[in-house]
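> Contents of input-v8.cif (mmCIF, C-alpha atoms and all ligand atoms) are given next:
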data_protein
#
loop_
_atom_site.label_atom_id
_atom_site.label_comp_id
_atom_site.auth_asym_id
_atom_site.auth_seq_id
_atom_site.Cartn_x
_atom_site.Cartn_y
_atom_site.Cartn_z
CA MET A 1 -8.96 8.24 29.00
CA THR A 2 -7.96 5.12 30.85
CA GLY A 3 -4.54 4.39 32.23
CA ASN A 4 -4.44 1.18 30.24
CA ALA A 5 -1.56 1.18 27.76
CA GLN A 6 -3.79 -0.61 25.25
CA ALA A 7 -5.86 2.54 24.97
CA TYR A 8 -2.87 4.25 23.37
CA HIS A 9 -1.56 3.89 19.88
CA SER A 10 2.08 4.01 18.91
CA SER A 11 3.83 6.05 16.30
CA TYR A 12 7.36 5.33 15.22
CA LYS A 13 10.07 7.90 14.82
CA SER A 14 13.58 7.87 13.37
CA GLY A 15 15.32 5.85 10.70
CA ILE A 16 15.39 2.14 11.03
CA ALA A 17 17.01 -0.23 8.67
CA GLN A 18 20.69 0.41 9.12
CA ILE A 19 20.78 0.09 12.90
CA GLY A 20 17.85 -2.22 13.56
CA PHE A 21 16.41 -0.07 16.39
CA SER A 22 13.98 2.79 16.57
CA PHE A 23 12.39 4.73 19.36
CA SER A 24 8.72 4.14 19.63
CA THR A 25 6.66 6.78 21.34
CA LEU A 26 3.30 5.70 22.65
CA ILE A 27 0.98 8.63 22.15
CA SER A 28 -2.17 9.03 24.21
CA ASP A 29 -5.50 9.97 22.65
CA ASN A 30 -4.97 13.62 23.60
CA GLY A 31 -1.71 13.63 21.66
CA GLN A 32 0.63 13.66 24.69
CA PRO A 33 3.63 11.29 24.73
CA PHE A 34 2.91 8.49 27.16
CA LEU A 35 5.92 6.23 27.16
CA GLU A 36 9.11 6.09 25.18
CA MET A 37 10.78 2.77 24.62
CA SER A 38 13.16 1.29 22.13
CA VAL A 39 11.72 -1.23 19.69
CA LYS A 40 13.97 -3.42 17.62
CA GLN A 41 13.08 -3.35 13.95
CA PHE A 42 14.31 -5.25 10.95
CA GLU A 43 14.13 -4.56 7.27
CA VAL A 44 12.86 -7.31 5.00
CA SER A 45 13.41 -6.99 1.30
CA ILE A 46 11.78 -9.11 -1.38
CA ASP A 47 14.30 -10.47 -3.83
CA ALA A 48 12.29 -10.24 -7.07
CA SER A 49 10.37 -6.98 -6.64
CA LYS A 50 12.96 -5.25 -4.40
CA LYS A 51 10.09 -4.08 -2.19
CA THR A 52 11.05 -3.52 1.43
CA PHE A 53 9.07 -3.41 4.65
CA ILE A 54 9.80 -3.13 8.35
CA VAL A 55 9.13 -5.86 10.90
CA ASN A 56 8.92 -4.96 14.58
CA GLU A 57 10.45 -7.27 17.13
CA GLY A 58 7.87 -9.89 18.09
CA GLU A 59 6.01 -9.59 14.79
CA SER A 60 5.87 -12.21 12.06
CA VAL A 61 7.12 -11.38 8.57
CA LEU A 62 3.59 -11.95 7.22
CA THR A 63 1.84 -9.69 9.76
CA ALA A 64 4.29 -6.88 9.06
CA ALA A 65 4.01 -7.30 5.29
CA LEU A 66 0.19 -7.20 5.34
CA ARG A 67 0.23 -4.19 7.68
CA GLN A 68 2.33 -2.31 5.14
CA GLY A 69 0.29 -3.32 2.10
CA VAL A 70 2.69 -5.99 0.81
CA MET A 71 0.47 -8.94 -0.06
CA LEU A 72 2.12 -12.27 0.63
CA PRO A 73 0.19 -15.51 0.21
CA TYR A 74 -1.29 -17.06 3.35
CA SER A 75 -4.22 -19.12 4.54
CA CYS A 76 -4.21 -20.55 8.09
CA LYS A 77 -1.80 -18.08 9.72
CA ASN A 78 -0.95 -20.74 12.31
CA GLY A 79 1.92 -22.56 10.62
CA THR A 80 0.11 -25.66 9.44
CA CYS A 81 -0.98 -25.14 5.82
CA GLY A 82 2.27 -24.09 4.10
CA SER A 83 0.66 -21.36 1.93
CA CYS A 84 3.11 -18.71 3.19
CA LYS A 85 6.23 -20.74 2.51
CA GLY A 86 9.17 -18.76 1.15
CA LYS A 87 12.94 -18.85 1.16
CA VAL A 88 15.24 -16.77 3.33
CA LEU A 89 18.12 -15.82 1.05
CA SER A 90 20.00 -13.89 3.71
CA GLY A 91 19.48 -13.28 7.41
CA GLU A 92 18.03 -15.45 10.13
CA VAL A 93 14.52 -16.07 11.48
CA HIS A 94 13.20 -17.83 14.56
CA TYR A 95 9.86 -19.38 15.56
CA PRO A 96 8.83 -18.23 19.05
CA PHE A 97 5.57 -20.20 19.34
CA HIS A 98 6.15 -23.66 17.97
CA PRO A 99 8.31 -25.36 15.34
CA PRO A 100 7.18 -24.67 11.76
CA LEU A 101 4.77 -27.58 11.37
CA ALA A 102 4.29 -27.26 7.61
CA LEU A 103 8.02 -27.49 6.84
CA GLU A 104 10.04 -30.66 6.32
CA ARG A 105 13.49 -30.82 7.93
CA SER A 106 15.02 -30.85 4.46
CA GLU A 107 13.15 -27.64 3.58
CA ILE A 108 14.41 -25.92 6.73
CA ALA A 109 17.93 -26.95 5.77
CA GLN A 110 17.39 -25.31 2.37
CA GLY A 111 16.45 -22.03 4.04
CA MET A 112 12.68 -22.32 3.58
CA ALA A 113 10.53 -20.50 6.16
CA LEU A 114 6.87 -20.03 7.06
CA MET A 115 6.33 -16.29 6.88
CA CYS A 116 3.24 -16.40 9.12
CA GLN A 117 5.32 -17.71 12.03
CA ALA A 118 8.88 -16.61 11.30
CA GLU A 119 10.19 -13.57 13.14
CA PRO A 120 13.40 -11.95 11.90
CA MET A 121 16.50 -11.92 14.09
CA GLU A 122 18.26 -9.59 11.65
CA ASN A 123 17.54 -7.87 8.34
CA LEU A 124 16.34 -10.35 5.71
CA VAL A 125 16.24 -10.86 1.98
CA VAL A 126 13.45 -13.28 1.10
CA LYS A 127 12.16 -15.03 -1.97
CA VAL A 128 8.34 -15.11 -1.81
CA ARG A 129 5.42 -14.97 -4.19
CA GLU A 130 3.51 -11.68 -4.08
CA ILE A 131 -0.21 -11.27 -4.60
CA GLU A 132 -1.34 -8.17 -6.45
CA ALA A 133 -5.13 -8.24 -6.63
CA VAL A 134 -6.24 -7.99 -2.98
CA ARG A 135 -3.97 -5.12 -2.09
CA ASP A 136 -6.55 -2.40 -2.43
CA ILE A 137 -9.28 -4.08 -0.45
CA GLN A 138 -9.71 -2.55 2.96
CA ILE A 139 -9.78 -4.92 5.93
CA ARG A 140 -12.10 -3.74 8.68
CA MET A 141 -14.03 -4.81 11.73
CA PHE A 142 -17.80 -4.72 11.69
CA PRO A 143 -20.80 -6.11 13.57
CA ALA A 144 -23.16 -8.44 11.73
CA ARG A 145 -26.65 -9.54 12.71
CA VAL A 146 -27.74 -13.15 12.21
CA ILE A 147 -30.81 -12.92 10.00
CA GLU A 148 -31.06 -16.62 9.25
CA LYS A 149 -29.70 -19.75 10.86
CA LYS A 150 -30.63 -22.77 8.81
CA THR A 151 -29.62 -26.38 9.34
CA LEU A 152 -28.50 -27.67 5.93
CA THR A 153 -27.54 -31.11 7.13
CA GLU A 154 -26.82 -32.76 10.46
CA ASN A 155 -23.43 -31.07 10.90
CA VAL A 156 -23.65 -27.92 8.76
CA VAL A 157 -25.61 -24.72 9.32
CA ARG A 158 -25.93 -21.75 7.04
CA LEU A 159 -25.77 -18.32 8.64
CA ARG A 160 -27.00 -15.31 6.73
CA LEU A 161 -25.52 -12.20 8.27
CA LYS A 162 -26.73 -8.67 7.73
CA LEU A 163 -24.07 -5.98 7.68
CA PRO A 164 -24.61 -2.48 9.07
CA LYS A 165 -26.31 -0.06 6.68
CA ALA A 166 -23.85 1.70 4.38
CA GLN A 167 -21.05 -0.68 5.37
CA ARG A 168 -20.90 -2.95 2.38
CA LEU A 169 -18.16 -5.51 2.64
CA GLN A 170 -15.91 -5.38 -0.38
CA PHE A 171 -14.26 -8.75 -0.98
CA LEU A 172 -13.09 -11.06 -3.72
CA ALA A 173 -15.12 -14.23 -4.19
CA GLY A 174 -13.25 -16.95 -2.27
CA GLN A 175 -12.01 -14.78 0.63
CA TYR A 176 -12.92 -15.33 4.27
CA VAL A 177 -13.87 -13.39 7.40
CA GLU A 178 -12.81 -13.97 10.98
CA VAL A 179 -15.31 -14.06 13.82
CA LEU A 180 -13.86 -12.17 16.79
CA LEU A 181 -14.36 -13.91 20.12
CA SER A 182 -13.53 -13.01 23.69
CA GLY A 183 -9.92 -13.25 24.81
CA GLY A 184 -8.63 -12.25 21.37
CA LYS A 185 -9.62 -15.58 19.78
CA ARG A 186 -10.64 -15.66 16.15
CA ARG A 187 -12.33 -18.23 13.93
CA ALA A 188 -12.09 -18.13 10.14
CA PHE A 189 -15.03 -18.83 7.80
CA SER A 190 -15.15 -18.48 4.04
CA ILE A 191 -17.79 -16.25 2.55
CA ALA A 192 -20.19 -18.43 0.58
CA SER A 193 -22.19 -15.64 -1.02
CA CYS A 194 -21.39 -13.55 -4.07
CA PRO A 195 -19.66 -10.17 -3.54
CA SER A 196 -22.50 -8.46 -5.41
CA LEU A 197 -24.98 -9.25 -2.64
CA GLU A 198 -25.43 -5.78 -1.22
CA ASP A 199 -25.31 -5.81 2.56
CA GLU A 200 -25.35 -9.46 3.50
CA ILE A 201 -22.98 -12.42 3.64
CA GLU A 202 -23.54 -16.14 3.97
CA LEU A 203 -21.36 -18.60 5.91
CA HIS A 204 -21.49 -22.42 5.94
CA ILE A 205 -20.39 -23.66 9.34
CA ARG A 206 -19.49 -27.26 10.08
CA HIS A 207 -19.82 -28.45 13.65
CA VAL A 208 -16.41 -29.46 15.01
CA ASP A 209 -16.46 -32.08 17.80
CA GLY A 210 -15.38 -30.29 20.96
CA GLY A 211 -15.21 -26.99 19.05
CA GLY A 212 -15.93 -23.92 21.18
CA PHE A 213 -17.29 -21.51 18.59
CA THR A 214 -18.98 -23.97 16.24
CA GLY A 215 -20.55 -25.63 19.30
CA HIS A 216 -21.89 -22.21 20.29
CA VAL A 217 -23.27 -21.65 16.77
CA PHE A 218 -25.11 -24.96 16.80
CA ASP A 219 -26.41 -24.90 20.39
CA GLU A 220 -26.84 -21.28 21.40
CA LEU A 221 -26.62 -18.75 18.59
CA ASN A 222 -30.01 -17.35 17.61
CA GLU A 223 -31.38 -15.28 14.80
CA ARG A 224 -31.01 -11.56 15.65
CA ASP A 225 -27.79 -12.19 17.64
CA ILE A 226 -24.80 -10.04 16.74
CA LEU A 227 -21.36 -11.36 15.77
CA ARG A 228 -18.23 -9.24 15.50
CA LEU A 229 -16.29 -9.89 12.32
CA GLU A 230 -13.09 -8.75 10.68
CA GLY A 231 -12.19 -9.15 7.04
CA PRO A 232 -11.99 -9.85 4.25
CA PHE A 233 -8.83 -11.97 4.37
CA GLY A 234 -7.04 -14.45 2.20
CA ASN A 235 -5.74 -14.83 -1.30
CA PHE A 236 -7.96 -17.66 -2.43
CA PHE A 237 -9.72 -16.02 -5.37
CA VAL A 238 -10.06 -16.67 -9.10
CA ARG A 239 -7.05 -15.52 -11.11
CA ASN A 240 -7.88 -13.62 -14.26
CA ASP A 241 -4.47 -13.41 -15.87
CA GLU A 242 -4.85 -16.55 -18.04
CA THR A 243 -8.53 -16.89 -18.77
CA ASN A 244 -8.02 -19.52 -21.47
CA ARG A 245 -7.15 -22.15 -18.84
CA PRO A 246 -9.95 -24.48 -17.67
CA MET A 247 -10.47 -24.68 -13.92
CA ILE A 248 -10.72 -27.59 -11.56
CA MET A 249 -12.50 -26.63 -8.36
CA MET A 250 -12.37 -29.16 -5.56
CA GLY A 251 -14.14 -28.78 -2.22
CA GLY A 252 -14.20 -31.04 0.82
CA GLY A 253 -17.25 -30.60 3.09
CA THR A 254 -17.80 -26.89 3.79
CA GLY A 255 -14.90 -26.26 1.39
CA PHE A 256 -17.79 -25.88 -1.06
CA ALA A 257 -18.51 -22.43 0.47
CA PRO A 258 -15.77 -20.31 -1.19
CA LEU A 259 -16.19 -22.24 -4.47
CA LYS A 260 -19.89 -21.39 -4.47
CA SER A 261 -19.01 -17.71 -4.14
CA MET A 262 -16.44 -17.96 -6.95
CA ILE A 263 -18.79 -19.76 -9.34
CA GLU A 264 -21.72 -17.43 -8.67
CA ASN A 265 -19.41 -14.48 -9.26
CA LEU A 266 -18.05 -15.93 -12.52
CA LEU A 267 -21.59 -16.58 -13.74
CA GLU A 268 -22.64 -13.07 -12.86
CA HIS A 269 -19.74 -11.69 -14.89
CA ASN A 270 -20.62 -13.89 -17.80
CA ASP A 271 -17.22 -15.59 -17.55
CA ARG A 272 -17.60 -18.88 -19.39
CA ARG A 273 -14.31 -20.57 -18.52
CA GLU A 274 -14.68 -24.33 -18.31
CA ILE A 275 -15.27 -25.36 -14.67
CA TYR A 276 -14.91 -28.93 -13.41
CA LEU A 277 -16.36 -28.91 -9.91
CA TYR A 278 -15.74 -31.83 -7.53
CA TRP A 279 -17.38 -31.93 -4.13
CA GLY A 280 -16.28 -34.59 -1.68
CA THR A 281 -17.83 -35.68 1.59
CA ARG A 282 -17.82 -38.84 3.65
CA ILE A 283 -21.47 -39.68 3.00
CA SER A 284 -23.86 -38.26 0.43
CA LYS A 285 -26.10 -36.64 3.07
CA GLU A 286 -23.22 -34.28 3.80
CA LEU A 287 -23.43 -32.73 0.31
CA TYR A 288 -25.54 -30.12 1.97
CA LEU A 289 -26.47 -28.07 -1.14
CA ASP A 290 -26.15 -30.77 -3.79
CA ASP A 291 -29.09 -29.39 -5.79
CA LEU A 292 -27.27 -26.15 -6.51
CA PRO A 293 -24.21 -27.46 -8.41
CA SER A 294 -26.47 -30.04 -10.08
CA GLN A 295 -28.59 -27.19 -11.34
CA TRP A 296 -25.51 -25.25 -12.58
CA ALA A 297 -24.38 -28.33 -14.49
CA ARG A 298 -27.85 -28.68 -16.08
CA GLU A 299 -28.11 -25.02 -17.02
CA TYR A 300 -24.59 -24.26 -18.21
CA ASP A 301 -22.57 -26.28 -20.70
CA HIS A 302 -19.27 -25.05 -19.27
CA ILE A 303 -19.96 -26.28 -15.72
CA HIS A 304 -19.40 -29.95 -14.93
CA TYR A 305 -20.13 -31.42 -11.51
CA ARG A 306 -19.07 -34.69 -9.87
CA ARG A 307 -19.67 -35.84 -6.33
CA ALA A 308 -17.14 -37.93 -4.42
CA ILE A 309 -18.30 -40.02 -1.49
CA SER A 310 -15.49 -41.56 0.50
CA ASP A 311 -17.16 -43.87 3.04
CA PRO A 312 -18.09 -47.17 1.33
CA ASP A 313 -19.94 -48.48 4.41
CA SER A 314 -22.49 -45.75 4.64
CA LEU A 315 -24.01 -45.90 1.22
CA SER A 316 -27.68 -45.42 0.70
CA VAL A 317 -27.43 -45.82 -3.05
CA VAL A 318 -25.68 -48.72 -4.79
CA ASN A 319 -22.48 -47.76 -6.63
CA GLU A 320 -22.40 -44.36 -5.01
CA PHE A 321 -18.93 -44.90 -3.59
CA THR A 322 -16.32 -43.07 -5.63
CA GLY A 323 -13.39 -42.64 -3.25
CA PHE A 324 -11.57 -39.56 -2.06
CA VAL A 325 -12.31 -36.45 -4.01
CA HIS A 326 -8.74 -35.90 -5.25
CA GLU A 327 -8.73 -39.49 -6.61
CA VAL A 328 -11.86 -38.73 -8.60
CA VAL A 329 -10.18 -35.64 -10.06
CA ILE A 330 -7.12 -37.67 -11.10
CA ASP A 331 -9.32 -40.40 -12.59
CA ASP A 332 -10.88 -37.80 -14.85
CA PHE A 333 -7.72 -35.78 -15.54
CA PRO A 334 -4.46 -37.69 -15.07
CA ASP A 335 -2.57 -34.72 -16.54
CA LEU A 336 -3.29 -31.45 -14.73
CA ALA A 337 -0.65 -29.30 -16.44
CA GLY A 338 -3.20 -27.28 -18.42
CA PHE A 339 -5.56 -26.54 -15.50
CA ASP A 340 -5.89 -23.86 -12.88
CA VAL A 341 -6.68 -25.78 -9.70
CA TYR A 342 -8.66 -24.28 -6.81
CA MET A 343 -9.26 -26.35 -3.69
CA SER A 344 -10.62 -25.70 -0.21
CA GLY A 345 -11.53 -27.80 2.78
CA PRO A 346 -9.97 -29.99 5.48
CA PRO A 347 -6.19 -29.72 5.91
CA ALA A 348 -5.74 -33.48 5.43
CA MET A 349 -7.44 -33.30 2.02
CA ILE A 350 -5.41 -30.27 0.94
CA ASP A 351 -2.15 -31.88 2.06
CA VAL A 352 -2.68 -35.12 0.16
CA ALA A 353 -4.14 -33.43 -2.91
CA LYS A 354 -1.23 -31.00 -3.21
CA HIS A 355 1.28 -33.85 -3.42
CA VAL A 356 -0.81 -35.97 -5.76
CA PHE A 357 -1.70 -33.06 -8.05
CA PHE A 358 1.94 -31.98 -8.37
CA GLU A 359 2.82 -35.57 -9.31
CA HIS A 360 0.13 -35.29 -11.97
CA GLY A 361 1.58 -32.16 -13.53
CA ALA A 362 -0.26 -29.36 -11.69
CA GLN A 363 1.82 -26.21 -11.79
CA GLU A 364 2.69 -24.71 -8.42
CA ARG A 365 1.89 -21.18 -9.58
CA ARG A 366 -1.52 -22.30 -10.91
CA LEU A 367 -2.63 -24.23 -7.82
CA PHE A 368 -4.55 -22.20 -5.23
CA TYR A 369 -6.02 -23.42 -1.98
CA ASP A 370 -7.53 -22.53 1.40
CA SER A 371 -6.86 -25.09 4.09
CA PHE A 372 -9.53 -25.00 6.80
CA GLU A 373 -7.21 -25.03 9.79
CA PHE A 374 -8.21 -24.54 13.40
CA GLY A 375 -7.61 -21.22 15.19
CA LEU A 376 -4.23 -20.00 16.42
CA ASP A 377 -5.07 -20.66 20.06
CA VAL A 378 -5.69 -24.39 19.53
CA PRO A 379 -2.83 -26.35 21.12
CA VAL A 380 0.03 -27.49 18.90
CA ARG A 381 -0.57 -31.18 19.59
CA VAL A 382 -4.11 -30.79 18.19
CA LEU A 383 -2.92 -28.79 15.18
CA ALA A 384 -0.30 -31.41 14.39
CA ARG A 385 -2.77 -34.30 14.09
CA PRO A 386 -4.83 -34.78 10.93
CA HIS A 387 -8.38 -33.39 11.22
C1 LIG B 401 -9.10 -19.70 5.80
C2 LIG B 401 -10.08 -20.60 6.51
C3 LIG B 401 -11.37 -20.68 6.08
C4 LIG B 401 -12.28 -21.52 6.73
N1 LIG B 401 -13.56 -21.59 6.25
C5 LIG B 401 -14.43 -22.41 6.86
C6 LIG B 401 -15.78 -22.52 6.38
O1 LIG B 401 -16.19 -21.85 5.44
N2 LIG B 401 -16.60 -23.38 7.01
C7 LIG B 401 -16.18 -24.13 8.08
O2 LIG B 401 -16.99 -24.92 8.59
N3 LIG B 401 -14.92 -24.06 8.56
C8 LIG B 401 -14.05 -23.20 7.98
N4 LIG B 401 -12.78 -23.10 8.48
C9 LIG B 401 -12.42 -23.90 9.66
C10 LIG B 401 -12.90 -23.21 10.93
O3 LIG B 401 -12.22 -21.98 11.11
C11 LIG B 401 -12.66 -24.13 12.15
O4 LIG B 401 -13.43 -25.26 12.02
C12 LIG B 401 -13.02 -23.39 13.40
O5 LIG B 401 -11.93 -22.56 13.73
C13 LIG B 401 -13.32 -24.31 14.58
O6 LIG B 401 -13.58 -23.44 15.67
P1 LIG B 401 -14.13 -23.94 17.04
O7 LIG B 401 -13.98 -22.78 18.00
O8 LIG B 401 -15.47 -24.54 16.90
O9 LIG B 401 -13.13 -25.09 17.42
P2 LIG B 401 -11.94 -25.03 18.50
O10 LIG B 401 -12.50 -24.75 19.85
O11 LIG B 401 -10.90 -24.15 17.99
O12 LIG B 401 -11.49 -26.55 18.50
C14 LIG B 401 -10.85 -27.12 17.38
C15 LIG B 401 -10.40 -28.53 17.75
O13 LIG B 401 -9.38 -28.46 18.71
C16 LIG B 401 -9.76 -29.18 19.87
N5 LIG B 401 -9.27 -28.38 21.02
C17 LIG B 401 -9.43 -27.05 21.18
N6 LIG B 401 -8.84 -26.66 22.34
C18 LIG B 401 -8.31 -27.81 22.89
C19 LIG B 401 -7.57 -28.08 24.06
N7 LIG B 401 -7.25 -27.13 24.95
N8 LIG B 401 -7.15 -29.36 24.28
C20 LIG B 401 -7.44 -30.34 23.42
N9 LIG B 401 -8.15 -30.14 22.29
C21 LIG B 401 -8.56 -28.89 22.02
C22 LIG B 401 -11.27 -29.29 19.81
O14 LIG B 401 -11.78 -30.40 20.49
C23 LIG B 401 -11.50 -29.41 18.35
O15 LIG B 401 -11.31 -30.73 17.91
C24 LIG B 401 -11.87 -22.27 7.85
C25 LIG B 401 -10.55 -22.16 8.33
C26 LIG B 401 -9.66 -21.32 7.66
C27 LIG B 401 -8.26 -21.20 8.18
S1 LIG B 402 1.46 -22.05 7.28
FE1 LIG B 402 1.59 -19.92 7.15
S2 LIG B 402 -0.34 -19.32 6.41
FE2 LIG B 402 -0.55 -21.45 6.76
#
Would you kindly transcribe this structure into structure tokens?
Ligand SMILES: Cc1cc2nc3c(=O)[nH]c(=O)nc-3n(C[C@H](O)[C@H](O)[C@H](O)COP(=O)(O)OP(=O)(O)OC[C@H]3O[C@@H](n4cnc5c(N)ncnc54)[C@H](O)[C@@H]3O)c2cc1C
Ligand code: FES

Amino acid sequence: MTGNAQAYHSSYKSGIAQIGFSFSTLISDNGQPFLEMSVKQFEVSIDASKKTFIVNEGESVLTAALRQGVMLPYSCKNGTCGSCKGKVLSGEVHYPFHPPLALERSEIAQGMALMCQAEPMENLVVKVREIEAVRDIQIRMFPARVIEKKTLTENVVRLRLKLPKAQRLQFLAGQYVEVLLSGGKRRAFSIASCPSLEDEIELHIRHVDGGGFTGHVFDELNERDILRLEGPFGNFFVRNDETNRPMIMMGGGTGFAPLKSMIENLLEHNDRREIYLYWGTRISKELYLDDLPSQWAREYDHIHYRRAISDPDSLSVVNEFTGFVHEVVIDDFPDLAGFDVYMSGPPAMIDVAKHVFFEHGAQERRLFYDSFEFGLDVPVRVLARPH
């Protein structure tokens, strides 16, 4: 037993909601009380479902909700993607780290809040979307051994990671894992392989200029090295409540990774919903697994594949330029009202596409995305610029 308070876990006693305080007793591993202190707590209730959960002082609404099995939508968890946006109907929140980047001033004035950053200052009633399907999946930490590191193109490597025996990772196709680094840092990567793959997962990692972890992956990580992971996370997965709706899947760069997992999973389950897959990169060389979707499109009538190359100056093939990937989607389908839209990739792409797709009839409740934001520890001024 160490004297370090972090070696102790806390258990909470007494009623909470009415008074907003409880006594928290830190209990040592041998069961003895270690330290008693008062922790402020707030009750958050969800307007539509009337579900309630408790948020500790210093905790975000999202973290507390997930801890208590209430699944709210989220993606970046650092305040930049807007996935966790909801409305505070009563009560007040504050943002201790930085202003809510993904909120317009007008939205703040209307009471909108980013649940991943907002901390309650009193009990709250909130209006948020709830996710049902991921609730039962257990999130856990596990080591994983690199069994293959393969360069797919100049700036993308594929890692195949072996999980410990008898520790299969249960996840929904489209979810992501976080790589745990020293100093509490974490880096998110979507799982590119199908959930049915027994004890292995695949990640597609793009090299970020000046990026600490991705630089390490490219320059130093070797086969047989061990990474520590936690997951699965996220609510980017195929919805099965309206299976008559065709799907548009749009990936930018390594945003192809979760879409690959989704499509392989749908194929495996013999789900023949119409899929229109669009994969956008700057130059065609960056379509690092182009043969795979081409092969799907050849083999299956319900899968359609179009590439979108955005840099007109770097063409190796005449007439290859097609523009930004969301423009290609709109060219094909100016009215998106009847589609389920799934998109993943760079935040700048997601941001623009969201606006454009809504203008073209996409329904907010049928548009799902994972925005590939940087980690929480990256400075605000870097998060705020397009990348
Ligand atoms: C849900 C989700 C899923 C994702 N899935 C994938 C995926 O499948 N594949 C993929 O390739 N990516 C994915 N990403 C993105 C991926 O997590 C990031 O690219 C990754 O976090 C970069 O980590 P890094 O340590 O290499 O970069 P960092 O070291 O975090 O650097 C990021 C950027 O910030 C700059 N920076 C960092 N610190 C400073 C500082 N102190 N001062 C100035 N500048 C600084 C760096 O130069 C760099 O430009 C995903 C992200 C999310 C949120
Ligand atoms: S802004 Fe909250 S999850 Fe991205």
> Could you check the closest approach to Val125 in chain A for each of A:Thr153, A:Gln175, A:Ser49, A:Ser182 and tell me which residue wins, using only C-alpha atoms?
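Counting only C-alpha atoms, the residue closest to Val125 in chain A is A:Ser49.
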> Quick one: distance from CA of Leu277 in chain A to CA of Ile309 in chain A in Å, one decimal?
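Separation of CA of Leu277 in chain A and CA of Ile309 in chain A: 14.1 Å.
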> Using all atoms listed in the file, find each protein or nucleic acid residue lying at most 6 Å from ligand LIG 402 (chain B); present the set as a PDB file with C-alpha atoms, in the coordinates of the input.

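Output file result-v6.pdb follows:
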ATOM      1  CA  TYR A  74      -1.290 -17.060   3.350  1.00  0.00           C
ATOM      2  CA  SER A  75      -4.220 -19.120   4.540  1.00  0.00           C
ATOM      3  CA  CYS A  76      -4.210 -20.550   8.090  1.00  0.00           C
ATOM      4  CA  LYS A  77      -1.800 -18.080   9.720  1.00  0.00           C
ATOM      5  CA  ASN A  78      -0.950 -20.740  12.310  1.00  0.00           C
ATOM      6  CA  GLY A  79       1.920 -22.560  10.620  1.00  0.00           C
ATOM      7  CA  THR A  80       0.110 -25.660   9.440  1.00  0.00           C
ATOM      8  CA  CYS A  81      -0.980 -25.140   5.820  1.00  0.00           C
ATOM      9  CA  GLY A  82       2.270 -24.090   4.100  1.00  0.00           C
ATOM     10  CA  SER A  83       0.660 -21.360   1.930  1.00  0.00           C
ATOM     11  CA  CYS A  84       3.110 -18.710   3.190  1.00  0.00           C
ATOM     12  CA  ALA A 102       4.290 -27.260   7.610  1.00  0.00           C
ATOM     13  CA  LEU A 114       6.870 -20.030   7.060  1.00  0.00           C
ATOM     14  CA  MET A 115       6.330 -16.290   6.880  1.00  0.00           C
ATOM     15  CA  CYS A 116       3.240 -16.400   9.120  1.00  0.00           C
TER      16      CYS A 116
END
> Find, counting all atoms listed in the file, the residue in A:Ser344, A:Thr63, A:Thr214, A:Thr322 that gets nearest to ligand LIG 401 (chain B).
A:Thr214
> How would you write, as a PyMOL selection string, the set of residues no farther than 6 Å from ligand LIG 401 (chain B) when counting all atoms listed in the file?
chain A and resi 75-76+176+187-190+204-206+208-215+254+257+370-375+378-379+382
> I'd like to know which of A:Glu130, A:Asp301, A:Asp219, A:Glu148 is closest to Ala48 in chain A, using only C-alpha atoms.
A:Glu130
> Neighbouring residues of Glu122 in chain A were defined as those with any atom within 9 Å, considering only C-alpha atoms; residues of the same chain fewer than 5 positions away were excluded. Please report them as a CSV table (one decimal) with C-alpha atoms, in the coordinates of the input.

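Saved the output as out.csv:
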chain,number,residue,atom,x,y,z
A,20,GLY,CA,17.8,-2.2,13.6
A,41,GLN,CA,13.1,-3.4,14.0
A,42,PHE,CA,14.3,-5.2,11.0
A,43,GLU,CA,14.1,-4.6,7.3
A,44,VAL,CA,12.9,-7.3,5.0
A,91,GLY,CA,19.5,-13.3,7.4
A,92,GLU,CA,18.0,-15.4,10.1
A,93,VAL,CA,14.5,-16.1,11.5
> Kindly complete range 272-278 of chain A to N, CA and C atoms; the output should be written as a CSV table (one decimal), in the coordinates of the input.

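Heads up, here's the output in out-v6.csv:
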chain,number,residue,atom,x,y,z
A,272,ARG,N,-17.2,-17.5,-19.0
A,272,ARG,CA,-17.6,-18.9,-19.4
A,272,ARG,C,-16.4,-19.8,-19.4
A,273,ARG,N,-15.4,-19.6,-18.6
A,273,ARG,CA,-14.3,-20.6,-18.5
A,273,ARG,C,-14.8,-21.9,-18.1
A,274,GLU,N,-14.3,-23.0,-18.7
A,274,GLU,CA,-14.7,-24.3,-18.3
A,274,GLU,C,-14.4,-24.6,-16.8
A,275,ILE,N,-15.4,-25.1,-16.1
A,275,ILE,CA,-15.3,-25.4,-14.7
A,275,ILE,C,-15.6,-26.8,-14.4
A,276,TYR,N,-14.7,-27.5,-13.8
A,276,TYR,CA,-14.9,-28.9,-13.4
A,276,TYR,C,-15.0,-28.9,-11.9
A,277,LEU,N,-16.2,-29.0,-11.4
A,277,LEU,CA,-16.4,-28.9,-9.9
A,277,LEU,C,-16.5,-30.3,-9.3
A,278,TYR,N,-15.7,-30.5,-8.3
A,278,TYR,CA,-15.7,-31.8,-7.5
A,278,TYR,C,-16.0,-31.5,-6.1
